[in-house]
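Source file protein-v2.cif; content: mmCIF, C-alpha atoms and all ligand atoms.
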```cif
data_final
#
loop_
_atom_site.label_atom_id
_atom_site.label_comp_id
_atom_site.auth_asym_id
_atom_site.auth_seq_id
_atom_site.Cartn_x
_atom_site.Cartn_y
_atom_site.Cartn_z
CA MET A 1 -43.57 67.48 79.49
CA ARG A 2 -40.31 66.26 80.95
CA ILE A 3 -40.40 62.93 82.59
CA ASN A 4 -37.94 60.99 84.65
CA ARG A 5 -37.89 57.25 84.66
CA LYS A 6 -38.65 56.03 88.16
CA ASP A 7 -39.77 52.53 87.27
CA ARG A 8 -38.20 50.99 90.35
CA LYS A 9 -40.94 52.64 92.35
CA ASN A 10 -43.46 50.31 90.84
CA LYS A 11 -42.32 47.10 92.41
CA ASN A 12 -43.44 47.71 95.96
CA CYS A 13 -46.83 49.10 95.17
CA ALA A 14 -48.85 46.10 94.06
CA GLY A 15 -52.30 46.30 95.54
CA ARG A 16 -51.88 49.81 96.85
CA THR A 17 -53.44 53.07 95.81
CA PRO A 18 -51.83 53.87 92.46
CA LYS A 19 -50.56 57.25 93.49
CA VAL A 20 -47.25 55.99 92.23
CA LEU A 21 -48.48 56.54 88.70
CA SER A 22 -48.22 60.25 89.05
CA VAL A 23 -44.72 59.88 90.41
CA LEU A 24 -43.77 57.85 87.43
CA ALA A 25 -45.49 60.15 85.05
CA PHE A 26 -44.41 63.47 86.42
CA GLY A 27 -41.26 62.81 88.37
CA LEU A 28 -38.42 64.84 86.97
CA LEU A 29 -34.83 64.80 87.92
CA LEU A 30 -32.62 67.81 87.49
CA GLY A 31 -28.96 67.33 86.81
CA GLY A 32 -26.31 68.57 89.14
CA CYS A 33 -27.19 66.36 92.08
CA GLY A 34 -24.78 63.94 93.57
CA THR A 35 -22.16 62.28 91.56
CA GLY A 36 -23.90 59.90 89.20
CA ALA A 37 -22.50 59.51 85.71
CA ALA A 38 -25.26 61.72 84.37
CA GLY A 39 -24.66 64.22 87.16
CA ALA A 40 -20.98 64.36 86.32
CA ALA A 41 -21.76 64.90 82.66
CA LEU A 42 -23.98 67.78 83.67
CA ALA A 43 -21.51 69.49 85.96
CA GLY A 44 -21.56 73.18 85.30
CA GLN A 45 -24.85 73.13 83.42
CA GLN A 46 -27.27 73.05 86.23
CA ALA A 47 -30.25 74.06 84.15
CA SER A 48 -29.87 71.01 81.97
CA VAL A 49 -32.44 68.37 82.51
CA GLN A 50 -32.15 64.65 82.41
CA SER A 51 -35.38 63.29 81.11
CA VAL A 52 -36.70 60.15 79.60
CA ALA A 53 -39.96 59.52 77.83
CA GLY A 54 -42.54 57.23 79.37
CA TRP A 55 -42.34 55.41 82.64
CA GLU A 56 -42.00 51.88 81.50
CA THR A 57 -38.58 50.34 81.49
CA ILE A 58 -36.12 52.33 79.45
CA PRO A 59 -32.70 50.84 78.76
CA GLU A 60 -30.04 52.32 81.01
CA ALA A 61 -27.94 53.46 78.07
CA GLU A 62 -30.81 55.44 76.65
CA SER A 63 -31.29 57.12 79.98
CA GLU A 64 -27.70 58.27 80.04
CA GLU A 65 -27.72 59.41 76.46
CA ALA A 66 -30.68 61.55 77.27
CA ALA A 67 -28.73 63.44 79.91
CA GLY A 68 -28.49 67.09 79.10
CA SER A 69 -31.29 67.20 76.61
CA VAL A 70 -35.04 67.36 76.93
CA VAL A 71 -36.88 64.47 75.42
CA GLN A 72 -40.57 64.69 74.60
CA PRO A 73 -42.67 61.81 75.85
CA ALA A 74 -43.78 59.36 73.21
CA ALA A 75 -47.45 59.53 72.26
CA THR A 76 -48.34 56.13 73.58
CA GLU A 77 -50.99 54.59 75.68
CA THR A 78 -48.83 55.47 78.65
CA GLY A 79 -49.14 59.10 77.66
CA ALA A 80 -52.93 58.85 77.80
CA GLU A 81 -52.76 57.43 81.30
CA THR A 82 -50.48 60.25 82.22
CA GLU A 83 -53.07 62.88 81.35
CA THR A 84 -55.81 61.16 83.28
CA SER A 85 -53.51 60.92 86.23
CA GLU A 86 -52.63 64.61 86.03
CA GLU A 87 -56.26 65.59 86.35
CA THR A 88 -57.01 63.42 89.31
CA GLU A 89 -53.86 63.57 91.41
CA ASP A 90 -53.32 66.33 93.90
CA LEU A 91 -50.11 68.27 93.84
CA SER A 92 -48.44 66.75 96.83
CA VAL A 93 -45.18 64.90 97.21
CA GLU A 94 -44.54 62.39 99.97
CA LEU A 95 -40.98 62.43 101.30
CA ILE A 96 -39.74 59.78 103.70
CA MET A 97 -36.39 59.30 105.40
CA VAL A 98 -34.83 56.74 107.73
CA GLY A 99 -31.88 57.21 110.07
CA ASP A 100 -28.48 55.63 110.40
CA VAL A 101 -27.67 52.40 108.57
CA LEU A 102 -24.85 51.56 110.96
CA MET A 103 -23.12 48.44 109.70
CA HIS A 104 -21.56 46.78 112.73
CA ASP A 105 -19.51 43.58 112.27
CA ARG A 106 -22.38 41.30 113.16
CA ILE A 107 -24.59 42.78 110.45
CA ILE A 108 -21.82 42.54 107.87
CA GLU A 109 -21.45 38.88 108.81
CA ALA A 110 -25.19 38.26 108.66
CA GLY A 111 -25.19 39.22 105.00
CA LYS A 112 -22.68 36.58 104.02
CA GLN A 113 -24.26 33.88 101.87
CA ALA A 114 -23.23 30.24 101.60
CA ASP A 115 -21.53 30.90 98.26
CA GLY A 116 -19.43 33.72 99.69
CA THR A 117 -21.45 36.57 98.19
CA TYR A 118 -23.28 39.15 100.31
CA SER A 119 -26.91 40.26 100.43
CA TYR A 120 -28.61 42.74 102.73
CA ASP A 121 -32.16 42.64 101.43
CA PHE A 122 -33.22 41.44 104.89
CA LEU A 123 -32.52 44.89 106.33
CA PHE A 124 -35.55 46.31 104.53
CA GLU A 125 -37.80 43.27 104.35
CA HIS A 126 -40.41 44.76 106.70
CA THR A 127 -40.20 48.40 105.65
CA ALA A 128 -39.74 48.27 101.87
CA ASP A 129 -43.43 48.77 101.14
CA LEU A 130 -43.42 52.15 102.91
CA ILE A 131 -40.11 53.11 101.35
CA GLY A 132 -41.07 52.08 97.85
CA GLU A 133 -44.35 53.92 97.69
CA ALA A 134 -43.01 57.30 98.81
CA ASP A 135 -42.36 59.80 96.04
CA LEU A 136 -38.93 60.52 97.46
CA ALA A 137 -37.09 58.24 99.91
CA LEU A 138 -33.85 59.13 101.71
CA VAL A 139 -31.50 56.92 103.71
CA ASN A 140 -28.68 58.01 106.00
CA GLN A 141 -25.88 55.67 104.91
CA GLU A 142 -23.71 56.15 107.97
CA THR A 143 -20.84 53.98 106.74
CA ILE A 144 -18.98 54.02 103.47
CA LEU A 145 -19.49 51.28 100.90
CA GLY A 146 -15.80 50.93 100.15
CA GLY A 147 -15.77 47.36 98.88
CA GLU A 148 -13.93 44.24 99.94
CA ALA A 149 -10.50 45.44 98.82
CA LEU A 150 -10.50 47.95 101.68
CA ARG A 151 -11.43 45.23 104.20
CA TYR A 152 -14.87 45.18 105.73
CA SER A 153 -15.15 46.28 109.36
CA GLY A 154 -17.60 47.55 111.91
CA TYR A 155 -16.85 49.81 114.88
CA PRO A 156 -14.78 51.90 115.25
CA ALA A 157 -13.62 52.54 111.65
CA PHE A 158 -16.33 51.21 109.39
CA ASN A 159 -16.28 49.90 105.84
CA SER A 160 -19.32 48.11 104.49
CA PRO A 161 -20.12 45.90 101.50
CA THR A 162 -21.58 47.60 98.44
CA GLU A 163 -24.39 45.05 98.65
CA VAL A 164 -25.90 47.31 101.33
CA GLY A 165 -26.40 49.83 98.52
CA ASP A 166 -27.95 47.15 96.32
CA ALA A 167 -30.49 46.45 99.06
CA GLU A 168 -31.25 50.16 99.48
CA VAL A 169 -31.98 50.59 95.80
CA LYS A 170 -34.12 47.47 95.79
CA ALA A 171 -36.08 48.80 98.77
CA GLY A 172 -36.84 51.97 96.83
CA PHE A 173 -34.51 54.63 98.18
CA ASP A 174 -33.76 57.54 95.84
CA VAL A 175 -31.17 59.45 97.87
CA ALA A 176 -28.17 58.14 99.84
CA LEU A 177 -26.87 60.59 102.44
CA HIS A 178 -23.15 60.13 103.01
CA ALA A 179 -22.09 63.25 104.96
CA THR A 180 -21.31 61.38 108.19
CA ASN A 181 -18.56 61.30 110.78
CA HIS A 182 -17.53 57.93 109.30
CA ALA A 183 -17.12 59.21 105.74
CA LEU A 184 -13.32 59.19 105.99
CA ASP A 185 -12.96 55.90 107.87
CA ARG A 186 -11.07 54.53 104.83
CA LYS A 187 -9.75 57.95 103.81
CA ALA A 188 -10.06 59.10 100.20
CA ALA A 189 -10.11 55.57 98.79
CA GLY A 190 -13.22 54.71 100.76
CA ILE A 191 -15.10 57.68 99.39
CA GLU A 192 -13.86 57.16 95.85
CA ASN A 193 -14.85 53.49 95.89
CA THR A 194 -18.26 54.38 97.29
CA LEU A 195 -18.85 56.94 94.54
CA LEU A 196 -17.61 54.58 91.86
CA PHE A 197 -20.02 51.91 93.10
CA TRP A 198 -23.02 54.25 92.98
CA GLU A 199 -22.08 55.81 89.64
CA SER A 200 -21.35 52.59 87.84
CA THR A 201 -24.19 50.53 89.27
CA TYR A 202 -26.99 52.98 90.03
CA PRO A 203 -26.47 56.25 88.16
CA ASP A 204 -30.02 57.31 89.10
CA MET A 205 -29.27 57.23 92.83
CA GLU A 206 -28.65 60.69 94.23
CA VAL A 207 -25.53 60.56 96.39
CA LEU A 208 -25.08 63.52 98.71
CA GLY A 209 -22.41 64.72 101.11
CA ILE A 210 -19.33 63.20 99.43
CA HIS A 211 -17.65 64.19 96.17
CA GLU A 212 -15.20 63.08 93.54
CA SER A 213 -14.10 66.56 92.48
CA ALA A 214 -14.21 70.22 93.46
CA GLU A 215 -16.50 70.81 90.50
CA ASP A 216 -18.94 68.20 91.75
CA GLN A 217 -18.96 69.76 95.21
CA GLN A 218 -20.01 73.08 93.73
CA GLU A 219 -23.36 71.67 92.66
CA ILE A 220 -26.36 71.63 94.92
CA CYS A 221 -28.96 68.90 94.58
CA ILE A 222 -32.38 69.95 93.35
CA LEU A 223 -34.89 67.23 92.49
CA GLU A 224 -38.13 68.07 90.74
CA ILE A 225 -41.04 65.79 91.46
CA LYS A 226 -44.56 66.53 90.22
CA GLY A 227 -43.36 70.00 89.41
CA ILE A 228 -42.09 70.70 92.93
CA ARG A 229 -38.41 71.57 93.04
CA ILE A 230 -36.85 70.21 96.21
CA ALA A 231 -33.32 71.18 97.26
CA ILE A 232 -31.59 68.67 99.54
CA LEU A 233 -28.43 69.66 101.43
CA ASN A 234 -26.38 67.23 103.54
CA TYR A 235 -23.53 68.10 105.94
CA THR A 236 -21.59 66.51 108.79
CA TYR A 237 -20.20 68.23 111.88
CA GLY A 238 -16.89 66.38 111.38
CA THR A 239 -15.15 63.13 110.45
CA ASN A 240 -13.85 61.78 113.77
CA GLY A 241 -10.65 63.77 113.55
CA ILE A 242 -9.61 62.30 110.20
CA ALA A 243 -8.67 65.20 107.96
CA MET A 244 -9.37 65.37 104.25
CA PRO A 245 -6.17 65.00 102.19
CA ALA A 246 -4.76 68.43 101.32
CA ASP A 247 -5.06 67.71 97.60
CA LYS A 248 -8.70 66.58 97.91
CA PRO A 249 -10.44 69.16 100.09
CA TYR A 250 -13.78 68.45 98.38
CA LEU A 251 -14.37 64.88 99.58
CA VAL A 252 -16.86 65.59 102.40
CA ASP A 253 -19.40 68.35 103.02
CA TYR A 254 -18.85 69.85 106.46
CA LEU A 255 -21.37 71.78 108.49
CA THR A 256 -19.69 75.19 108.32
CA THR A 257 -21.54 78.47 108.43
CA ASP A 258 -20.19 79.95 105.20
CA ARG A 259 -20.83 76.87 103.15
CA VAL A 260 -24.29 76.27 104.60
CA LEU A 261 -25.45 79.85 104.16
CA SER A 262 -24.20 79.99 100.59
CA ASP A 263 -25.91 76.71 99.67
CA ILE A 264 -29.17 77.66 101.35
CA ALA A 265 -29.21 80.98 99.47
CA ARG A 266 -28.83 79.10 96.18
CA ALA A 267 -31.47 76.58 97.16
CA GLU A 268 -33.90 79.34 98.12
CA ALA A 269 -33.34 81.04 94.77
CA GLU A 270 -33.61 77.92 92.61
CA ALA A 271 -35.98 75.55 94.42
CA ASP A 272 -39.51 75.64 95.87
CA PHE A 273 -38.59 73.79 99.04
CA THR A 274 -35.33 73.42 100.96
CA VAL A 275 -34.43 70.39 103.07
CA VAL A 276 -31.29 70.23 105.21
CA ILE A 277 -30.01 66.88 106.52
CA PRO A 278 -27.41 67.69 109.19
CA HIS A 279 -25.24 64.99 110.74
CA TRP A 280 -25.12 66.53 114.19
CA GLY A 281 -25.83 66.17 117.89
CA ILE A 282 -24.40 64.09 120.70
CA GLU A 283 -24.36 60.30 120.62
CA TYR A 284 -27.00 58.60 122.83
CA LYS A 285 -28.53 61.88 124.01
CA LEU A 286 -32.31 61.85 123.82
CA GLU A 287 -32.57 65.64 123.63
CA PRO A 288 -31.09 68.06 121.10
CA SER A 289 -27.91 69.84 122.15
CA ALA A 290 -27.43 73.61 122.30
CA ASP A 291 -25.46 73.27 119.08
CA GLN A 292 -28.34 71.56 117.27
CA LYS A 293 -30.68 74.31 118.49
CA LYS A 294 -28.24 76.96 117.26
CA TRP A 295 -28.04 75.40 113.80
CA ALA A 296 -31.81 74.93 113.63
CA LYS A 297 -32.27 78.64 114.34
CA LEU A 298 -29.81 79.52 111.59
CA PHE A 299 -31.62 77.24 109.12
CA LEU A 300 -34.96 78.80 110.05
CA GLU A 301 -33.69 82.36 109.67
CA ASN A 302 -32.43 81.57 106.20
CA GLY A 303 -35.63 80.09 104.87
CA VAL A 304 -35.13 76.32 105.23
CA ASP A 305 -38.42 74.40 105.27
CA LEU A 306 -37.50 71.01 106.67
CA VAL A 307 -34.61 69.66 108.75
CA ILE A 308 -34.09 65.94 109.36
CA GLY A 309 -31.16 65.15 111.63
CA ALA A 310 -29.00 62.06 111.91
CA HIS A 311 -26.11 60.78 114.02
CA PRO A 312 -27.01 60.57 117.75
CA HIS A 313 -27.95 56.85 117.28
CA VAL A 314 -31.03 57.42 119.41
CA ILE A 315 -34.21 59.29 118.66
CA GLU A 316 -34.72 62.93 119.58
CA PRO A 317 -37.86 65.09 119.52
CA MET A 318 -39.30 66.98 116.60
CA GLU A 319 -40.85 70.41 116.60
CA TRP A 320 -42.16 73.24 114.47
CA LEU A 321 -40.17 76.47 114.56
CA GLU A 322 -41.51 79.76 113.26
CA ASP A 323 -39.73 83.01 112.47
CA GLU A 324 -41.07 86.52 113.00
CA ASN A 325 -42.45 86.61 109.45
CA GLY A 326 -44.53 83.51 109.99
CA HIS A 327 -42.25 81.18 108.01
CA ARG A 328 -42.47 77.69 109.53
CA MET A 329 -39.84 74.98 109.54
CA LEU A 330 -40.22 71.42 110.81
CA VAL A 331 -37.24 69.85 112.59
CA TYR A 332 -36.66 66.17 113.32
CA TYR A 333 -33.62 66.43 115.60
CA SER A 334 -32.71 62.75 115.20
CA LEU A 335 -34.33 59.71 113.62
CA GLY A 336 -32.02 57.38 115.55
CA ASN A 337 -30.59 54.28 113.97
CA TYR A 338 -32.35 52.50 111.15
CA VAL A 339 -30.30 49.41 111.93
CA ASN A 340 -27.33 48.66 114.18
CA ALA A 341 -25.83 45.79 116.16
CA THR A 342 -23.83 47.49 118.85
CA SER A 343 -21.83 45.38 121.25
CA GLY A 344 -22.47 47.91 124.01
CA THR A 345 -24.06 46.71 127.21
CA GLY A 346 -26.05 48.24 130.02
CA SER A 347 -29.04 50.45 130.56
CA GLY A 348 -29.84 52.65 127.58
CA VAL A 349 -28.45 50.31 124.92
CA MET A 350 -32.03 49.40 124.02
CA ASN A 351 -32.59 53.02 122.97
CA ARG A 352 -30.31 52.40 120.00
CA LEU A 353 -32.80 49.89 118.61
CA VAL A 354 -35.59 52.45 118.39
CA GLY A 355 -35.68 54.57 115.25
CA GLY A 356 -38.09 56.51 113.12
CA MET A 357 -39.20 57.03 109.56
CA ALA A 358 -39.93 60.69 108.87
CA ASP A 359 -42.98 61.08 106.62
CA VAL A 360 -43.61 64.55 105.22
CA GLU A 361 -46.14 65.73 102.67
CA LEU A 362 -45.10 68.71 100.55
CA VAL A 363 -48.04 70.61 99.11
CA ARG A 364 -48.21 73.24 96.38
CA LYS A 365 -50.57 76.02 97.49
CA ASP A 366 -52.81 78.06 95.20
CA ASP A 367 -50.35 80.94 95.34
CA GLY A 368 -47.63 78.67 93.97
CA THR A 369 -45.62 78.32 97.14
CA VAL A 370 -44.82 74.91 98.55
CA GLU A 371 -45.24 74.08 102.20
CA ILE A 372 -45.53 71.10 104.50
CA GLY A 373 -48.99 69.62 104.72
CA ASN A 374 -49.20 66.60 106.97
CA ALA A 375 -46.07 65.40 108.67
CA GLY A 376 -45.21 62.81 111.24
CA VAL A 377 -43.00 59.92 112.17
CA ILE A 378 -43.44 56.16 112.07
CA PRO A 379 -41.57 54.46 114.95
CA LEU A 380 -39.31 51.51 114.09
CA ILE A 381 -37.61 48.74 116.09
CA THR A 382 -34.48 46.81 115.13
CA HIS A 383 -34.68 43.09 115.76
CA TRP A 384 -31.68 40.83 116.47
CA GLU A 385 -32.18 37.12 116.40
CA GLN A 386 -29.77 34.28 115.61
CA GLY A 387 -27.58 36.16 113.22
CA LEU A 388 -30.45 38.08 111.65
CA TYR A 389 -30.67 41.86 111.91
CA THR A 390 -33.72 43.58 110.53
CA THR A 391 -36.09 46.43 111.28
CA TYR A 392 -39.83 46.43 111.87
CA VAL A 393 -42.41 49.15 111.99
CA MET A 394 -43.02 49.32 115.75
CA GLU A 395 -46.72 48.81 115.21
CA ASP A 396 -45.98 45.41 113.60
CA TYR A 397 -43.54 44.32 116.30
CA THR A 398 -44.87 41.71 118.74
CA GLU A 399 -44.29 40.61 122.32
CA GLU A 400 -43.12 37.27 120.90
CA LEU A 401 -40.42 38.97 118.85
CA ALA A 402 -39.45 41.24 121.75
CA ALA A 403 -39.08 38.18 123.99
CA VAL A 404 -36.39 36.73 121.72
CA ASN A 405 -34.61 39.96 120.71
CA ALA A 406 -30.97 39.24 121.52
CA VAL A 407 -30.46 42.80 122.77
CA ARG A 408 -31.99 41.60 126.05
CA LYS A 409 -28.65 39.97 126.82
CA GLN A 410 -26.99 43.40 126.57
CA ASP A 411 -29.74 45.48 128.13
CA ALA A 412 -32.32 43.65 130.23
CA SER A 413 -34.61 46.68 130.18
CA PHE A 414 -35.54 46.06 126.53
CA SER A 415 -39.25 45.35 126.03
CA LEU A 416 -41.91 46.32 123.52
CA ASN A 417 -43.53 48.57 126.09
CA ALA A 418 -40.25 50.32 126.86
CA CYS A 419 -39.73 50.97 123.14
CA ARG A 420 -43.28 52.28 122.76
CA LYS A 421 -42.81 54.53 125.77
CA LEU A 422 -39.58 55.96 124.40
CA ALA A 423 -41.23 56.74 121.05
CA GLN A 424 -44.29 58.22 122.75
CA ASP A 425 -42.28 60.32 125.19
CA THR A 426 -40.08 61.62 122.36
CA TRP A 427 -42.58 62.24 119.57
CA GLY A 428 -46.06 62.28 121.15
CA ASP A 429 -48.69 63.46 118.68
CA PHE A 430 -46.25 63.44 115.78
CA ILE A 431 -46.49 59.64 115.67
CA ILE A 432 -48.50 58.35 112.72
CA SER A 433 -49.75 54.86 112.02
CA GLU A 434 -48.60 52.67 109.19
CA GLU A 435 -52.06 52.95 107.69
CA GLU A 436 -51.95 56.73 107.74
CA ALA A 437 -48.57 56.57 106.04
CA HIS A 438 -49.86 54.19 103.35
CA GLU A 439 -52.83 56.40 102.68
CA GLY A 440 -50.74 59.52 102.42
CA PHE A 441 -52.46 60.79 105.62
ZN ZN B 501 -22.73 59.51 112.79
#
```
Could you rewrite the structure in this file as structure tokens?
Amino acid sequence: MRINRKDRKNKNCAGRTPKVLSVLAFGLLLGGCGTGAAGAALAGQQASVQSVAGWETIPEAESEEAAGSVVQPAATETGAETETSEETEDLSVELIMVGDVLMHDRIIEAGKQADGTYSYDFLFEHTADLIGEADLALVNQETILGGEALRYSGYPAFNSPTEVGDAEVKAGFDVALHATNHALDRKAAGIENTLLFWESTYPDMEVLGIHESAEDQQEICILEIKGIRIAILNYTYGTNGIAMPADKPYLVDYLTTDRVLSDIARAEAEADFTVVIPHWGIEYKLEPSADQKKWAKLFLENGVDLVIGAHPHVIEPMEWLEDENGHRMLVYYSLGNYVNATSGTGSGVMNRLVGGMADVELVRKDDGTVEIGNAGVIPLITHWEQGLYTTYVMEDYTEELAAVNAVRKQDASFSLNACRKLAQDTWGDFIISEEEAHEGF
């Protein structure tokens, strides 16, 4: 049995159903995803498997040494637990994703500590339990993590502290999605610094949508969890008019028909389940555009199973689409912002504080195919108060908090009821409770 170390998943699960055990025991990571050190070492050998015995803490160095070779699990007590778990756990994988982490100036500032260092753990303080217990957690990292040398800034050309990435790993995210219109806000250096940060600090993090080499861009990301092979593809419609340098045409993955069709064909051949994360749509529009609909149709026709969109900075509906052969695909057109601190004012600004956490169960059927079981969305609200920016599950948000949310100074229409109405009008029966999410439906 090939096992991937996913020990960081353990920390958020105290007192919860120990479904995490099966993740730890059976999670498996295939090489060729993203740009981690192990991924780079595996470039060109996609069938190679990075695997580590046992799920208790394994030294980082051992993990990297294991790249490219299959390691048998040690016959330990942990192994015995593994077998018990295999018999009792169903073959489902819970995937969650949150929308745009949009690091405006005020949020950058809020992370500054008295000693001059930065910390952004507060961004995930109220959501980390849901993030940490999912088998696979994705975050749309809208802005690059280019480091201080490139000067931090918010709108319009963003560059964020790498400590945002530290907080994301701590919260339990497994995949950082970087194909965004802000990917080139600090040109090649921004992307290269971002990749260097992830590779050197968190080689297990899957980093999608940006690349350090043409070879790296050739790979598609396939993660195997509990035996289910999940391909994840991430593209952006553009980069705000900033072109890739002529000598580095591989930096960002663009949403272009040829590239998308070729990747989907590979994903369909090599994986059980294909997810596309498009950075698309029109900012602040609450409905999908004709272009989003066109792309969704193309994804459906080519066998994609799940689409989770980012970029509009407000939420958009979700729907099931079905082709003439009965193949079904679920689309979340936009999850909105996970966190932001826009300086915009006027009616509609409050919409940018409402987001969603997609929660999708992938199930292996008796015939071996993998399809979506339960799926829904957990509404979120961003809270601004006295230099603090954080995000709550909407269900946990209170009238007291809403009364002091500083967004009211920019949009007087903000209220808990208005947020609830927006979520309800947009998602209706797709909304699931926090309890349903914790219980895996
Ligand atoms: Zn965007």
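Interatomic distance, atom CA of A:Asp115 against atom CA of A:Gly154: 21.9 Å.
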- [ ] Rank nothing, just name the residue among A:Met205, A:Leu286, A:Val275, A:Leu91 nearest to A:Ala231, using only C-alpha atoms.
- [x]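 Closest residue, counting only C-alpha atoms: A:Val275.
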So which residues are close to (-24.3, 43.5, 100.5), meaning at most 9 Å away in the file's coordinates with all atoms listed in the file counted, and can you show them as a tab-separated table (two decimals) with C-alpha atoms, in the coordinates of the input?
```tsv
chain	number	residue	atom	x	y	z
A	108	ILE	CA	-21.82	42.54	107.87
A	111	GLY	CA	-25.19	39.22	105.00
A	112	LYS	CA	-22.68	36.58	104.02
A	117	THR	CA	-21.45	36.57	98.19
A	118	TYR	CA	-23.28	39.15	100.31
A	119	SER	CA	-26.91	40.26	100.43
A	120	TYR	CA	-28.61	42.74	102.73
A	121	ASP	CA	-32.16	42.64	101.43
A	160	SER	CA	-19.32	48.11	104.49
A	161	PRO	CA	-20.12	45.90	101.50
A	162	THR	CA	-21.58	47.60	98.44
A	163	GLU	CA	-24.39	45.05	98.65
A	164	VAL	CA	-25.90	47.31	101.33
A	165	GLY	CA	-26.40	49.83	98.52
A	166	ASP	CA	-27.95	47.15	96.32
A	167	ALA	CA	-30.49	46.45	99.06
```
Using only C-alpha atoms and all ligand atoms, what does the table of chain A residues within 7 Å of ligand ZN 501 (chain B) look like, with each row giving the shortest atom pair and its distance in Å to one decimal, sorted by chain and ascending number, as a Markdown table?
```
| residue | atom | partner | partner_atom | distance |
| --- | --- | --- | --- | --- |
| A:Glu142 | CA | B:ZN501 | ZN | 6.0 |
| A:Thr180 | CA | B:ZN501 | ZN | 5.2 |
| A:Asn181 | CA | B:ZN501 | ZN | 5.0 |
| A:His182 | CA | B:ZN501 | ZN | 6.5 |
| A:His279 | CA | B:ZN501 | ZN | 6.4 |
| A:Ala310 | CA | B:ZN501 | ZN | 6.8 |
| A:His311 | CA | B:ZN501 | ZN | 3.8 |
| A:Pro312 | CA | B:ZN501 | ZN | 6.6 |
```
Just C-alpha atoms for this one: save the residues we selected as a CSV table (one decimal), keeping the file's coordinate frame.
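Result saved to part-v2.csv:
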```csv
chain,number,residue,atom,x,y,z
A,142,GLU,CA,-23.7,56.2,108.0
A,180,THR,CA,-21.3,61.4,108.2
A,181,ASN,CA,-18.6,61.3,110.8
A,182,HIS,CA,-17.5,57.9,109.3
A,279,HIS,CA,-25.2,65.0,110.7
A,310,ALA,CA,-29.0,62.1,111.9
A,311,HIS,CA,-26.1,60.8,114.0
A,312,PRO,CA,-27.0,60.6,117.8
```
- [ ] Name all residues at most 9 Å from A:Leu422 (count only C-alpha atoms; drop same-chain ones fewer than 4 positions away) and give them as a PyMOL selection string.
- [x] chain A and resi 315+351+354+417-418+426-427
Please produce an output containing C-alpha atoms for each residue in the selection, written as a compact mmCIF listing (two decimals), in the coordinates of the input.
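Result saved to out01.txt:
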```txt
# COMPACT_ATOMS: atom_id res chain seq x y z
CA ILE A 315 -34.21 59.29 118.66
CA ASN A 351 -32.59 53.02 122.97
CA VAL A 354 -35.59 52.45 118.39
CA ASN A 417 -43.53 48.57 126.09
CA ALA A 418 -40.25 50.32 126.86
CA THR A 426 -40.08 61.62 122.36
CA TRP A 427 -42.58 62.24 119.57
```
Task: Which residue of A:Gly428, A:Gly238, A:Ile222, A:Asp291 approaches A:Ile264 most closely, using only C-alpha atoms - done: A:Ile222
Task: Residue nearest A:Ala402 - candidates A:Leu353, A:Leu330, A:Ile96, A:Leu102, atoms counted: all atoms listed in the file - done: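 For A:Ala402, the nearest of the given residues is A:Leu353.
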- [ ] For atom CA of A:Lys297 and atom CA of A:Pro249, quote the distance in Å rounded to one decimal.
- [x] 27.7 Å
Task: Nearest residue to A:Ala179 from the set A:Arg229, A:Lys248, A:Lys409, A:His211 (distances using all atoms listed in the file) - done: A:His211
Open item on the list: Residues near A:Asn159, anyone? I mean within 6 Å using all atoms listed in the file, not counting same-chain ones fewer than 4 positions away, as an NGL selection string.
Closed with: :A and (144 or 146 or 152-153)
Open item on the list: So that I can see what lies close to stretch 386-396 of chain A, please list as a list in words the residues with an atom at most 6 Å from it, counting all atoms listed in the file and leaving out residues fewer than 4 positions away in the same chain.
Closed with: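 With the cut-off at 6 Å, the set is Ala110, Leu123, His126, Pro379, Leu380, Ile381 and Thr382 of chain A.
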TODO: Taking the point (-35.2, 38.3, 123.3) as given in the file, collect each protein or nucleic acid residue that comes within 9 Å of it, counting only C-alpha atoms, and present the set as an MDAnalysis selection string.
DONE: chainID A and resid 383:385 400:409 414:415
- [ ] Quote the spacing between atom CA of A:Leu195 and atom CA of A:Asp253 in Å to one decimal place.
- [x]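 These two atoms are separated by 14.2 Å.
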Task: All residues 6 Å or closer to A:Tyr254, all atoms listed in the file, same chain fewer than 5 positions away omitted, as a ChimeraX atom specification - done: /A:235-237
TODO: Tell me which protein, DNA and RNA residues are within 9 Å of A:Ile191, counting all atoms listed in the file, leaving out same-chain ones fewer than 4 positions away, and put them as a PyMOL selection string.
DONE: chain A and resi 144-146+183-187+195-196+210-212+251-252
Task: Nearest to A:Lys170, chosen from A:Glu206, A:Glu125, A:Glu199, A:Glu270, with all atoms listed in the file counted in the distances - done: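 Nearest candidate to A:Lys170 out of A:Glu206, A:Glu125, A:Glu199, A:Glu270: A:Glu125.
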Contact table stretch 92-194 of chain A vs stretch 334-348 of chain A, cut-off 8 Å, shortest pair per residue, only C-alpha atoms, as CSV:
```
residue,atom,partner,partner_atom,distance
A:Val98,CA,A:Tyr338,CA,6.0
A:Gly99,CA,A:Tyr338,CA,4.9
A:Asp100,CA,A:Asn337,CA,4.4
A:Val101,CA,A:Val339,CA,5.2
A:Leu102,CA,A:Asn340,CA,5.0
A:Met103,CA,A:Asn340,CA,6.2
A:His104,CA,A:Ala341,CA,5.6
A:Asp105,CA,A:Ala341,CA,7.7
A:Arg106,CA,A:Ala341,CA,6.4
A:Ile107,CA,A:Ala341,CA,6.6
A:Leu123,CA,A:Val339,CA,7.5
```
